[in-house]
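Structure file target34.tsv; described as TSV, C-alpha atoms.
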```tsv
chain	number	residue	atom	x	y	z
N	1	MET	CA	92.88	66.69	120.97
N	2	VAL	CA	90.65	67.02	117.99
N	3	ASN	CA	87.72	66.43	120.31
N	4	ASP	CA	88.79	68.80	123.07
N	5	CYS	CA	86.12	71.19	121.88
N	6	ASN	CA	83.37	68.54	122.17
N	7	GLY	CA	81.08	67.71	125.03
N	8	GLU	CA	80.50	69.76	128.15
N	9	HIS	CA	82.36	73.01	128.56
N	10	SER	CA	83.08	72.78	124.85
N	11	ALA	CA	82.59	76.46	124.09
N	12	THR	CA	84.98	77.49	126.86
N	13	ALA	CA	87.66	74.89	126.01
N	14	CYS	CA	87.42	75.66	122.33
N	15	SER	CA	87.65	79.40	122.81
N	16	ALA	CA	90.66	79.00	125.13
N	17	ARG	CA	92.44	76.90	122.50
N	18	LEU	CA	91.54	79.38	119.80
N	19	ARG	CA	92.84	82.22	121.94
N	20	ASN	CA	96.09	80.45	122.85
N	21	VAL	CA	96.92	79.39	119.31
N	22	GLY	CA	95.80	82.79	118.03
N	23	ASP	CA	98.10	84.59	120.47
N	24	ALA	CA	101.01	82.36	119.44
N	25	LEU	CA	100.40	83.00	115.74
N	26	TYR	CA	100.14	86.73	116.40
N	27	VAL	CA	103.72	86.74	117.69
N	28	ILE	CA	105.47	83.97	115.73
N	29	GLY	CA	103.13	83.42	112.78
N	30	GLY	CA	103.80	84.40	109.22
N	31	LYS	CA	106.09	83.05	106.58
N	32	TRP	CA	109.46	84.02	108.05
N	33	LYS	CA	109.69	84.47	111.83
N	34	LEU	CA	110.22	80.84	112.82
N	35	ARG	CA	112.61	80.33	109.91
N	36	ILE	CA	114.64	83.34	111.00
N	37	ILE	CA	114.77	81.92	114.53
N	38	ILE	CA	116.06	78.59	113.18
N	39	ALA	CA	118.71	80.33	111.10
N	40	LEU	CA	119.74	82.50	114.06
N	41	SER	CA	120.21	79.39	116.17
N	42	ASP	CA	123.52	78.94	114.36
N	43	GLY	CA	124.97	81.63	116.69
N	44	HIS	CA	125.97	85.19	115.93
N	45	MET	CA	124.88	85.96	112.45
N	46	ARG	CA	124.90	88.83	110.06
N	47	PHE	CA	122.10	90.28	108.01
N	48	ASN	CA	123.54	89.14	104.69
N	49	GLU	CA	124.11	85.60	105.92
N	50	LEU	CA	120.51	85.44	107.13
N	51	GLN	CA	119.22	86.68	103.81
N	52	ARG	CA	121.28	84.10	101.95
N	53	ILE	CA	120.17	81.20	104.14
N	54	LEU	CA	116.52	82.29	104.09
N	55	ASP	CA	116.29	81.96	100.36
N	56	GLY	CA	113.65	84.31	98.97
N	57	ILE	CA	113.33	86.91	101.73
N	58	SER	CA	113.79	90.56	100.72
N	59	ALA	CA	116.09	92.85	102.71
N	60	LYS	CA	113.14	95.03	103.70
N	61	VAL	CA	111.08	92.12	105.00
N	62	LEU	CA	114.06	90.59	106.82
N	63	SER	CA	114.81	93.94	108.44
N	64	ASN	CA	111.20	94.34	109.61
N	65	GLU	CA	110.99	90.76	110.86
N	66	LEU	CA	114.24	91.15	112.83
N	67	LYS	CA	112.88	94.32	114.44
N	68	ASP	CA	109.65	92.53	115.38
N	69	LEU	CA	111.61	89.61	116.80
N	70	GLU	CA	113.80	92.01	118.77
N	71	ILE	CA	110.77	93.82	120.21
N	72	ASN	CA	109.29	90.49	121.27
N	73	GLY	CA	112.49	89.39	122.97
N	74	PHE	CA	113.62	86.66	120.56
N	75	VAL	CA	116.58	88.45	119.03
N	76	LYS	CA	119.47	90.44	120.46
N	77	ARG	CA	121.00	92.92	118.04
N	78	SER	CA	124.58	93.98	118.71
N	79	VAL	CA	126.55	96.73	117.02
N	80	ASN	CA	130.32	96.27	117.19
N	81	THR	CA	131.69	99.72	116.53
N	82	GLY	CA	135.05	98.79	115.09
N	83	THR	CA	136.08	99.40	111.50
N	84	PRO	CA	134.05	98.29	109.73
N	85	VAL	CA	130.96	98.46	111.97
N	86	VAL	CA	129.59	94.94	112.32
N	87	VAL	CA	125.98	94.27	113.26
N	88	THR	CA	125.16	90.80	114.54
N	89	TYR	CA	121.94	89.11	115.52
N	90	GLU	CA	121.63	86.27	117.99
N	91	PRO	CA	118.85	84.37	119.69
N	92	THR	CA	118.05	85.18	123.33
N	93	GLY	CA	117.28	82.84	126.21
N	94	TYR	CA	113.58	83.30	125.50
N	95	THR	CA	114.03	81.82	122.02
N	96	SER	CA	114.44	78.41	123.61
N	97	SER	CA	110.84	78.61	124.87
N	98	LEU	CA	109.95	77.81	121.25
N	99	LYS	CA	111.69	74.43	121.37
N	100	GLU	CA	108.50	72.33	121.41
N	101	VAL	CA	106.82	74.49	118.78
N	102	LEU	CA	109.76	74.17	116.38
N	103	GLN	CA	110.11	70.48	117.06
N	104	ALA	CA	106.41	69.77	116.52
N	105	LEU	CA	106.28	71.84	113.33
N	106	GLY	CA	109.50	70.33	112.00
N	107	ASN	CA	108.35	66.78	112.71
N	108	TRP	CA	105.00	67.44	111.14
N	109	GLY	CA	106.50	69.07	108.04
N	110	GLU	CA	108.80	66.10	107.57
N	111	GLN	CA	106.07	63.49	107.91
N	112	HIS	CA	103.70	65.49	105.72
N	113	ARG	CA	106.31	65.67	102.97
N	114	GLU	CA	106.80	61.91	103.33
N	115	LYS	CA	103.03	61.39	103.04
N	116	LEU	CA	102.93	63.43	99.84
N	117	ARG	CA	105.92	61.51	98.50
N	118	MET	CA	104.14	58.22	99.16
N	119	GLU	CA	101.13	59.59	97.33
N	120	GLY	CA	103.33	60.66	94.45
N	121	ARG	CA	102.79	64.37	94.96
N	122	GLN	CA	105.15	67.27	95.52
N	123	ALA	CA	105.30	68.99	98.92
N	124	SER	CA	105.54	72.48	97.50
U	1	MET	CA	117.39	72.71	120.10
U	2	VAL	CA	118.54	76.23	119.62
U	3	ASN	CA	122.00	74.85	119.00
U	4	ASP	CA	121.01	72.07	116.61
U	5	CYS	CA	122.44	74.17	113.79
U	6	ASN	CA	125.81	74.50	115.51
U	7	GLY	CA	128.89	72.36	115.26
U	8	GLU	CA	129.64	69.70	112.69
U	9	HIS	CA	127.07	69.00	110.02
U	10	SER	CA	125.51	72.31	111.03
U	11	ALA	CA	124.62	73.42	107.52
U	12	THR	CA	122.87	70.15	106.75
U	13	ALA	CA	120.97	69.99	110.05
U	14	CYS	CA	120.00	73.63	109.82
U	15	SER	CA	118.78	73.35	106.25
U	16	ALA	CA	116.77	70.21	107.08
U	17	ARG	CA	115.08	72.04	109.95
U	18	LEU	CA	114.42	75.06	107.76
U	19	ARG	CA	112.95	72.83	105.10
U	20	ASN	CA	110.74	70.86	107.50
U	21	VAL	CA	109.36	73.91	109.26
U	22	GLY	CA	109.04	75.69	105.90
U	23	ASP	CA	107.03	72.80	104.45
U	24	ALA	CA	104.77	72.78	107.51
U	25	LEU	CA	104.15	76.52	107.30
U	26	TYR	CA	103.45	76.22	103.57
U	27	VAL	CA	100.50	73.93	104.33
U	28	ILE	CA	99.20	75.06	107.72
U	29	GLY	CA	100.74	78.52	108.09
U	30	GLY	CA	98.89	81.79	107.86
U	31	LYS	CA	96.49	83.52	110.16
U	32	TRP	CA	93.49	81.21	109.92
U	33	LYS	CA	94.15	77.57	108.96
U	34	LEU	CA	95.00	76.22	112.41
U	35	ARG	CA	92.21	78.24	113.97
U	36	ILE	CA	89.72	76.80	111.48
U	37	ILE	CA	90.97	73.31	112.33
U	38	ILE	CA	90.43	73.98	116.04
U	39	ALA	CA	86.92	75.29	115.40
U	40	LEU	CA	86.12	72.31	113.16
U	41	SER	CA	87.17	69.94	115.91
U	42	ASP	CA	83.79	70.68	117.50
U	43	GLY	CA	82.26	68.24	114.98
U	44	HIS	CA	80.09	68.89	111.94
U	45	MET	CA	79.94	72.57	111.46
U	46	ARG	CA	78.40	75.04	109.12
U	47	PHE	CA	80.01	77.89	107.31
U	48	ASN	CA	78.17	80.57	109.28
U	49	GLU	CA	79.03	78.98	112.62
U	50	LEU	CA	82.70	78.89	111.64
U	51	GLN	CA	82.62	82.52	110.61
U	52	ARG	CA	80.99	83.51	113.90
U	53	ILE	CA	83.48	81.55	116.02
U	54	LEU	CA	86.48	82.76	114.02
U	55	ASP	CA	85.81	86.37	114.84
U	56	GLY	CA	87.15	88.63	112.11
U	57	ILE	CA	87.40	86.27	109.12
U	58	SER	CA	85.63	87.35	105.93
U	59	ALA	CA	83.36	84.93	104.06
U	60	LYS	CA	85.68	85.02	101.05
U	61	VAL	CA	88.79	84.19	103.08
U	62	LEU	CA	86.99	81.46	105.05
U	63	SER	CA	85.74	79.92	101.81
U	64	ASN	CA	89.24	79.90	100.30
U	65	GLU	CA	90.82	78.54	103.46
U	66	LEU	CA	88.26	75.72	103.66
U	67	LYS	CA	88.99	74.80	100.03
U	68	ASP	CA	92.74	74.74	100.73
U	69	LEU	CA	92.20	72.61	103.82
U	70	GLU	CA	89.97	70.24	101.82
U	71	ILE	CA	92.60	69.89	99.06
U	72	ASN	CA	95.24	69.10	101.68
U	73	GLY	CA	93.07	66.44	103.33
U	74	PHE	CA	92.22	68.22	106.59
U	75	VAL	CA	88.56	68.93	105.91
U	76	LYS	CA	85.69	66.86	104.58
U	77	ARG	CA	82.91	68.87	102.98
U	78	SER	CA	79.49	67.24	102.82
U	79	VAL	CA	76.43	68.46	100.97
U	80	ASN	CA	73.16	67.13	102.37
U	81	THR	CA	70.72	67.61	99.54
U	82	GLY	CA	67.54	67.92	101.53
U	83	THR	CA	65.45	71.05	101.77
U	84	PRO	CA	67.18	73.28	102.54
U	85	VAL	CA	70.53	72.07	101.24
U	86	VAL	CA	72.94	71.89	104.19
U	87	VAL	CA	76.70	72.03	103.73
U	88	THR	CA	78.81	70.82	106.63
U	89	TYR	CA	82.53	70.72	107.25
U	90	GLU	CA	84.31	68.28	109.50
U	91	PRO	CA	87.87	67.36	110.31
U	92	THR	CA	89.35	64.18	108.78
U	93	GLY	CA	91.52	61.51	110.36
U	94	TYR	CA	94.56	63.32	109.05
U	95	THR	CA	93.68	66.39	111.09
U	96	SER	CA	94.73	64.53	114.21
U	97	SER	CA	98.32	64.42	112.88
U	98	LEU	CA	98.41	68.08	113.94
U	99	LYS	CA	97.85	67.20	117.60
U	100	GLU	CA	101.41	67.98	118.76
U	101	VAL	CA	101.61	71.14	116.66
U	102	LEU	CA	98.37	72.53	118.10
U	103	GLN	CA	99.33	71.51	121.61
U	104	ALA	CA	102.79	73.09	121.39
U	105	LEU	CA	101.45	76.30	119.86
U	106	GLY	CA	98.59	76.51	122.36
U	107	ASN	CA	100.89	75.93	125.33
U	108	TRP	CA	103.35	78.47	124.04
U	109	GLY	CA	100.67	81.09	123.35
U	110	GLU	CA	99.32	80.63	126.86
U	111	GLN	CA	102.70	80.95	128.55
U	112	HIS	CA	103.70	83.89	126.36
U	113	ARG	CA	100.50	85.73	127.29
U	114	GLU	CA	101.27	85.00	130.93
U	115	LYS	CA	104.80	86.36	130.47
U	116	LEU	CA	103.45	89.58	128.98
U	117	ARG	CA	100.91	89.84	131.82
U	118	MET	CA	103.72	89.54	134.38
U	119	GLU	CA	105.58	92.26	132.51
U	120	GLY	CA	102.47	94.42	132.52
U	121	ARG	CA	101.99	94.36	128.77
U	122	GLN	CA	99.09	93.32	126.57
U	123	ALA	CA	99.32	90.15	124.47
U	124	SER	CA	97.61	91.59	121.43
```

Now that the file is in, can you turn its structure into structure tokens?
Amino acid sequence: MVNDCNGEHSATACSARLRNVGDALYVIGGKWKLRIIIALSDGHMRFNELQRILDGISAKVLSNELKDLEINGFVKRSVNTGTPVVVTYEPTGYTSSLKEVLQALGNWGEQHREKLRMEGRQAS
Amino acid sequence: MVNDCNGEHSATACSARLRNVGDALYVIGGKWKLRIIIALSDGHMRFNELQRILDGISAKVLSNELKDLEINGFVKRSVNTGTPVVVTYEPTGYTSSLKEVLQALGNWGEQHREKLRMEGRQAS
């Protein structure tokens, strides 16, 4: 793949790859979105649970990210109007379209950490 | 995959996935790194070419991103001390470890754009 941009038609192939990856990053890039999606994959979940699991995210950022994810069809927000009112977030069917992305990133992160360990460095 | 965090051992599996994807994003996350890697895959390339291809990146950001990528072993910087001095950047062998990540993200970006097109919306 590293050479997909070489040879004939290189400019076209390269710009298509740039566009595709760019479009993906526009929607699911950033520090938190994919992590929120992973955490949500544990089923119905509440705001406070998400914030606890996603160590380091502020309430404001989590709230904005959940709204973005809802707009883009990855999150379903439900308000159960009992007493007390309970708001839950869950992944949608479209979330599963990210399976390969999450798998590839997870595999890569794991093997990269292993590489750093072998080299005697810290991952982060 | 969306249910990997469910059931028994869910906390452990979920936190491993969060950690792996988090580690990956720590190294190759952000708006530009993967796009720079795609552009570099066209072989030896100069700073100005990269900036032109990566429409919208400032020289300062590109310079910092290239340094980060060099530190993490994705980019080899060469200085050819002729007249004029020519600095080139090229991907390393380790860059190809990102093959699946780039493929998954590119495929997803393409199909997401197609989904938005079918829904009559703009991708970005």

- Item | Spatial sel., origin (95.0, 73.7, 105.2), limit 7 Å, all atoms listed in the file, listed as JSON, numbers by chain | {"U": [27, 28, 33, 65, 68, 69, 70, 72, 74]}

- Measure the distance from CA of Glu110 in chain U to CA of Thr12 in chain N in Å and round it to one decimal. 14.7 Å

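Residue nearest chain U within the list N:Arg117, N:Arg52, N:Lys67, N:Lys99: N:Lys99 [criterion: smallest interatomic distance, all atoms listed in the file].
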
Given identical sequences, can you show me chain N least-squares superposed on chain U via all its Cα atoms in order, as a PDB file with C-alpha atoms, in the coordinates of the input?
```
ATOM      1  CA  MET N   1     117.299  72.677 120.028  1.00  0.00           C
ATOM      2  CA  VAL N   2     118.453  76.201 119.571  1.00  0.00           C
ATOM      3  CA  ASN N   3     121.931  74.825 119.003  1.00  0.00           C
ATOM      4  CA  ASP N   4     120.977  72.039 116.614  1.00  0.00           C
ATOM      5  CA  CYS N   5     122.396  74.130 113.808  1.00  0.00           C
ATOM      6  CA  ASN N   6     125.784  74.493 115.556  1.00  0.00           C
ATOM      7  CA  GLY N   7     128.891  72.396 115.305  1.00  0.00           C
ATOM      8  CA  GLU N   8     129.640  69.737 112.728  1.00  0.00           C
ATOM      9  CA  HIS N   9     127.075  69.013 110.067  1.00  0.00           C
ATOM     10  CA  SER N  10     125.497  72.315 111.038  1.00  0.00           C
ATOM     11  CA  ALA N  11     124.647  73.435 107.518  1.00  0.00           C
ATOM     12  CA  THR N  12     122.885  70.155 106.755  1.00  0.00           C
ATOM     13  CA  ALA N  13     120.977  69.989 110.072  1.00  0.00           C
ATOM     14  CA  CYS N  14     119.990  73.617 109.831  1.00  0.00           C
ATOM     15  CA  SER N  15     118.791  73.345 106.258  1.00  0.00           C
ATOM     16  CA  ALA N  16     116.768  70.212 107.090  1.00  0.00           C
ATOM     17  CA  ARG N  17     115.063  72.043 109.959  1.00  0.00           C
ATOM     18  CA  LEU N  18     114.431  75.050 107.767  1.00  0.00           C
ATOM     19  CA  ARG N  19     112.961  72.818 105.085  1.00  0.00           C
ATOM     20  CA  ASN N  20     110.751  70.863 107.498  1.00  0.00           C
ATOM     21  CA  VAL N  21     109.366  73.914 109.262  1.00  0.00           C
ATOM     22  CA  GLY N  22     109.039  75.697 105.920  1.00  0.00           C
ATOM     23  CA  ASP N  23     107.041  72.810 104.450  1.00  0.00           C
ATOM     24  CA  ALA N  24     104.765  72.773 107.503  1.00  0.00           C
ATOM     25  CA  LEU N  25     104.150  76.521 107.290  1.00  0.00           C
ATOM     26  CA  TYR N  26     103.452  76.223 103.570  1.00  0.00           C
ATOM     27  CA  VAL N  27     100.509  73.928 104.318  1.00  0.00           C
ATOM     28  CA  ILE N  28      99.211  75.086 107.716  1.00  0.00           C
ATOM     29  CA  GLY N  29     100.736  78.554 108.063  1.00  0.00           C
ATOM     30  CA  GLY N  30      98.884  81.811 107.846  1.00  0.00           C
ATOM     31  CA  LYS N  31      96.485  83.551 110.139  1.00  0.00           C
ATOM     32  CA  TRP N  32      93.497  81.212 109.890  1.00  0.00           C
ATOM     33  CA  LYS N  33      94.156  77.575 108.952  1.00  0.00           C
ATOM     34  CA  LEU N  34      95.016  76.229 112.399  1.00  0.00           C
ATOM     35  CA  ARG N  35      92.204  78.253 113.960  1.00  0.00           C
ATOM     36  CA  ILE N  36      89.735  76.814 111.469  1.00  0.00           C
ATOM     37  CA  ILE N  37      90.977  73.318 112.323  1.00  0.00           C
ATOM     38  CA  ILE N  38      90.429  73.993 116.040  1.00  0.00           C
ATOM     39  CA  ALA N  39      86.928  75.302 115.403  1.00  0.00           C
ATOM     40  CA  LEU N  40      86.123  72.324 113.164  1.00  0.00           C
ATOM     41  CA  SER N  41      87.180  69.964 115.931  1.00  0.00           C
ATOM     42  CA  ASP N  42      83.799  70.670 117.513  1.00  0.00           C
ATOM     43  CA  GLY N  43      82.287  68.202 114.986  1.00  0.00           C
ATOM     44  CA  HIS N  44      80.106  68.869 111.977  1.00  0.00           C
ATOM     45  CA  MET N  45      79.951  72.559 111.480  1.00  0.00           C
ATOM     46  CA  ARG N  46      78.442  75.024 109.113  1.00  0.00           C
ATOM     47  CA  PHE N  47      80.032  77.908 107.298  1.00  0.00           C
ATOM     48  CA  ASN N  48      78.169  80.563 109.267  1.00  0.00           C
ATOM     49  CA  GLU N  49      79.030  78.982 112.604  1.00  0.00           C
ATOM     50  CA  LEU N  50      82.699  78.892 111.616  1.00  0.00           C
ATOM     51  CA  GLN N  51      82.630  82.522 110.593  1.00  0.00           C
ATOM     52  CA  ARG N  52      81.017  83.504 113.879  1.00  0.00           C
ATOM     53  CA  ILE N  53      83.481  81.553 116.014  1.00  0.00           C
ATOM     54  CA  LEU N  54      86.489  82.762 114.013  1.00  0.00           C
ATOM     55  CA  ASP N  55      85.807  86.360 114.829  1.00  0.00           C
ATOM     56  CA  GLY N  56      87.157  88.629 112.099  1.00  0.00           C
ATOM     57  CA  ILE N  57      87.408  86.273 109.122  1.00  0.00           C
ATOM     58  CA  SER N  58      85.630  87.345 105.922  1.00  0.00           C
ATOM     59  CA  ALA N  59      83.367  84.920 104.053  1.00  0.00           C
ATOM     60  CA  LYS N  60      85.684  85.004 101.043  1.00  0.00           C
ATOM     61  CA  VAL N  61      88.786  84.183 103.069  1.00  0.00           C
ATOM     62  CA  LEU N  62      86.994  81.458 105.044  1.00  0.00           C
ATOM     63  CA  SER N  63      85.737  79.919 101.809  1.00  0.00           C
ATOM     64  CA  ASN N  64      89.239  79.908 100.292  1.00  0.00           C
ATOM     65  CA  GLU N  65      90.831  78.538 103.455  1.00  0.00           C
ATOM     66  CA  LEU N  66      88.259  75.720 103.651  1.00  0.00           C
ATOM     67  CA  LYS N  67      88.988  74.807 100.028  1.00  0.00           C
ATOM     68  CA  ASP N  68      92.732  74.753 100.731  1.00  0.00           C
ATOM     69  CA  LEU N  69      92.184  72.619 103.818  1.00  0.00           C
ATOM     70  CA  GLU N  70      89.984  70.254 101.818  1.00  0.00           C
ATOM     71  CA  ILE N  71      92.604  69.908  99.072  1.00  0.00           C
ATOM     72  CA  ASN N  72      95.236  69.114 101.688  1.00  0.00           C
ATOM     73  CA  GLY N  73      93.082  66.467 103.330  1.00  0.00           C
ATOM     74  CA  PHE N  74      92.220  68.240 106.594  1.00  0.00           C
ATOM     75  CA  VAL N  75      88.566  68.936 105.908  1.00  0.00           C
ATOM     76  CA  LYS N  76      85.703  66.848 104.566  1.00  0.00           C
ATOM     77  CA  ARG N  77      82.918  68.865 102.977  1.00  0.00           C
ATOM     78  CA  SER N  78      79.497  67.232 102.819  1.00  0.00           C
ATOM     79  CA  VAL N  79      76.422  68.440 100.980  1.00  0.00           C
ATOM     80  CA  ASN N  80      73.148  67.124 102.395  1.00  0.00           C
ATOM     81  CA  THR N  81      70.688  67.578  99.574  1.00  0.00           C
ATOM     82  CA  GLY N  82      67.502  67.885 101.571  1.00  0.00           C
ATOM     83  CA  THR N  83      65.422  71.037 101.806  1.00  0.00           C
ATOM     84  CA  PRO N  84      67.144  73.252 102.590  1.00  0.00           C
ATOM     85  CA  VAL N  85      70.522  72.052 101.268  1.00  0.00           C
ATOM     86  CA  VAL N  86      72.920  71.888 104.202  1.00  0.00           C
ATOM     87  CA  VAL N  87      76.679  72.024 103.738  1.00  0.00           C
ATOM     88  CA  THR N  88      78.806  70.814 106.630  1.00  0.00           C
ATOM     89  CA  TYR N  89      82.523  70.726 107.235  1.00  0.00           C
ATOM     90  CA  GLU N  90      84.310  68.274 109.483  1.00  0.00           C
ATOM     91  CA  PRO N  91      87.877  67.355 110.296  1.00  0.00           C
ATOM     92  CA  THR N  92      89.336  64.182 108.763  1.00  0.00           C
ATOM     93  CA  GLY N  93      91.505  61.511 110.351  1.00  0.00           C
ATOM     94  CA  TYR N  94      94.571  63.321 109.036  1.00  0.00           C
ATOM     95  CA  THR N  95      93.675  66.400 111.090  1.00  0.00           C
ATOM     96  CA  SER N  96      94.739  64.533 114.206  1.00  0.00           C
ATOM     97  CA  SER N  97      98.314  64.419 112.868  1.00  0.00           C
ATOM     98  CA  LEU N  98      98.407  68.077 113.939  1.00  0.00           C
ATOM     99  CA  LYS N  99      97.852  67.215 117.602  1.00  0.00           C
ATOM    100  CA  GLU N 100     101.413  67.985 118.747  1.00  0.00           C
ATOM    101  CA  VAL N 101     101.611  71.137 116.641  1.00  0.00           C
ATOM    102  CA  LEU N 102      98.373  72.524 118.090  1.00  0.00           C
ATOM    103  CA  GLN N 103      99.334  71.522 121.593  1.00  0.00           C
ATOM    104  CA  ALA N 104     102.794  73.091 121.367  1.00  0.00           C
ATOM    105  CA  LEU N 105     101.448  76.307 119.843  1.00  0.00           C
ATOM    106  CA  GLY N 106      98.593  76.512 122.338  1.00  0.00           C
ATOM    107  CA  ASN N 107     100.895  75.938 125.305  1.00  0.00           C
ATOM    108  CA  TRP N 108     103.352  78.476 124.022  1.00  0.00           C
ATOM    109  CA  GLY N 109     100.667  81.091 123.337  1.00  0.00           C
ATOM    110  CA  GLU N 110      99.319  80.652 126.848  1.00  0.00           C
ATOM    111  CA  GLN N 111     102.691  80.965 128.555  1.00  0.00           C
ATOM    112  CA  HIS N 112     103.685  83.892 126.352  1.00  0.00           C
ATOM    113  CA  ARG N 113     100.508  85.745 127.290  1.00  0.00           C
ATOM    114  CA  GLU N 114     101.276  85.001 130.945  1.00  0.00           C
ATOM    115  CA  LYS N 115     104.810  86.365 130.482  1.00  0.00           C
ATOM    116  CA  LEU N 116     103.443  89.580 128.996  1.00  0.00           C
ATOM    117  CA  ARG N 117     100.919  89.835 131.822  1.00  0.00           C
ATOM    118  CA  MET N 118     103.707  89.514 134.381  1.00  0.00           C
ATOM    119  CA  GLU N 119     105.572  92.246 132.552  1.00  0.00           C
ATOM    120  CA  GLY N 120     102.471  94.405 132.553  1.00  0.00           C
ATOM    121  CA  ARG N 121     101.995  94.332 128.801  1.00  0.00           C
ATOM    122  CA  GLN N 122      99.115  93.292 126.583  1.00  0.00           C
ATOM    123  CA  ALA N 123      99.368  90.127 124.472  1.00  0.00           C
ATOM    124  CA  SER N 124      97.730  91.644 121.427  1.00  0.00           C
TER     125      SER N 124
END
```

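Between CA of Gln111 in chain U and CA of Ala13 in chain U there is a distance of 28.2 Å.
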
- Task: One decimal, Å: what's the distance from CA of Ser58 in chain U over to CA of Lys31 in chain U, could you say?
- Result: 12.3 Å

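Nearest residue to chain U among N:Glu100, N:Glu90, N:Glu114, N:Glu119 is N:Glu100, counting only C-alpha atoms.
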
I want to know what sits within 9 Å of Trp32 in chain U, based on all atoms listed in the file, with residues of the same chain fewer than 4 positions away left out; could you give that as a PDB file with C-alpha atoms, keeping the file's coordinate frame?
```pdb
ATOM      1  CA  GLY N  22      95.800  82.790 118.030  1.00  0.00           C
TER       2      GLY N  22
ATOM      3  CA  ILE U  28      99.200  75.060 107.720  1.00  0.00           C
ATOM      4  CA  ILE U  36      89.720  76.800 111.480  1.00  0.00           C
ATOM      5  CA  ILE U  37      90.970  73.310 112.330  1.00  0.00           C
ATOM      6  CA  LEU U  54      86.480  82.760 114.020  1.00  0.00           C
ATOM      7  CA  ILE U  57      87.400  86.270 109.120  1.00  0.00           C
ATOM      8  CA  VAL U  61      88.790  84.190 103.080  1.00  0.00           C
ATOM      9  CA  LEU U  62      86.990  81.460 105.050  1.00  0.00           C
ATOM     10  CA  GLU U  65      90.820  78.540 103.460  1.00  0.00           C
TER      11      GLU U  65
END
```

- Name the residues in contact with Val86 in chain U at a cut-off of 12 Å, using all atoms listed in the file, excluding same-chain residues fewer than 4 positions from it; report them as a list in words. His44, Met45, Arg46, Phe47, Asn48, Arg77, Ser78, Val79, Asn80, Thr81 and Gly82 of chain U

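Ranking U:Leu105, U:Leu116, U:Val75, U:Val85 by their shortest atom-to-atom distance to Leu18 in chain N, with all atoms listed in the file included, puts U:Leu105 first.
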
- Task: Name the closest residue to chain N among the candidates U:Arg17, U:Ile71, U:Pro84, U:Ser63; distances are taken between atoms, counting only C-alpha atoms.
- Result: U:Arg17

- Message: Under the rule that all atoms listed in the file are counted, which of U:Leu34, U:Thr83, U:Val21, U:Ile53 is the nearest residue to Leu66 in chain U?
- Response: U:Leu34

- Task: Considering all atoms listed in the file, return as a ChimeraX atom specification whatever protein or nucleic-acid residues lie within 9 Å of Leu98 in chain U, sequence-local ones (same chain, fewer than 4 positions apart) excluded.
- Result: /N:2,104-105,108 /U:34,94,102-103

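Remark: for chain U, the closest of the candidate residues N:Gly109, N:Pro91, N:Gly73, N:Gly120 is N:Gly109 (distances computed over only C-alpha atoms).
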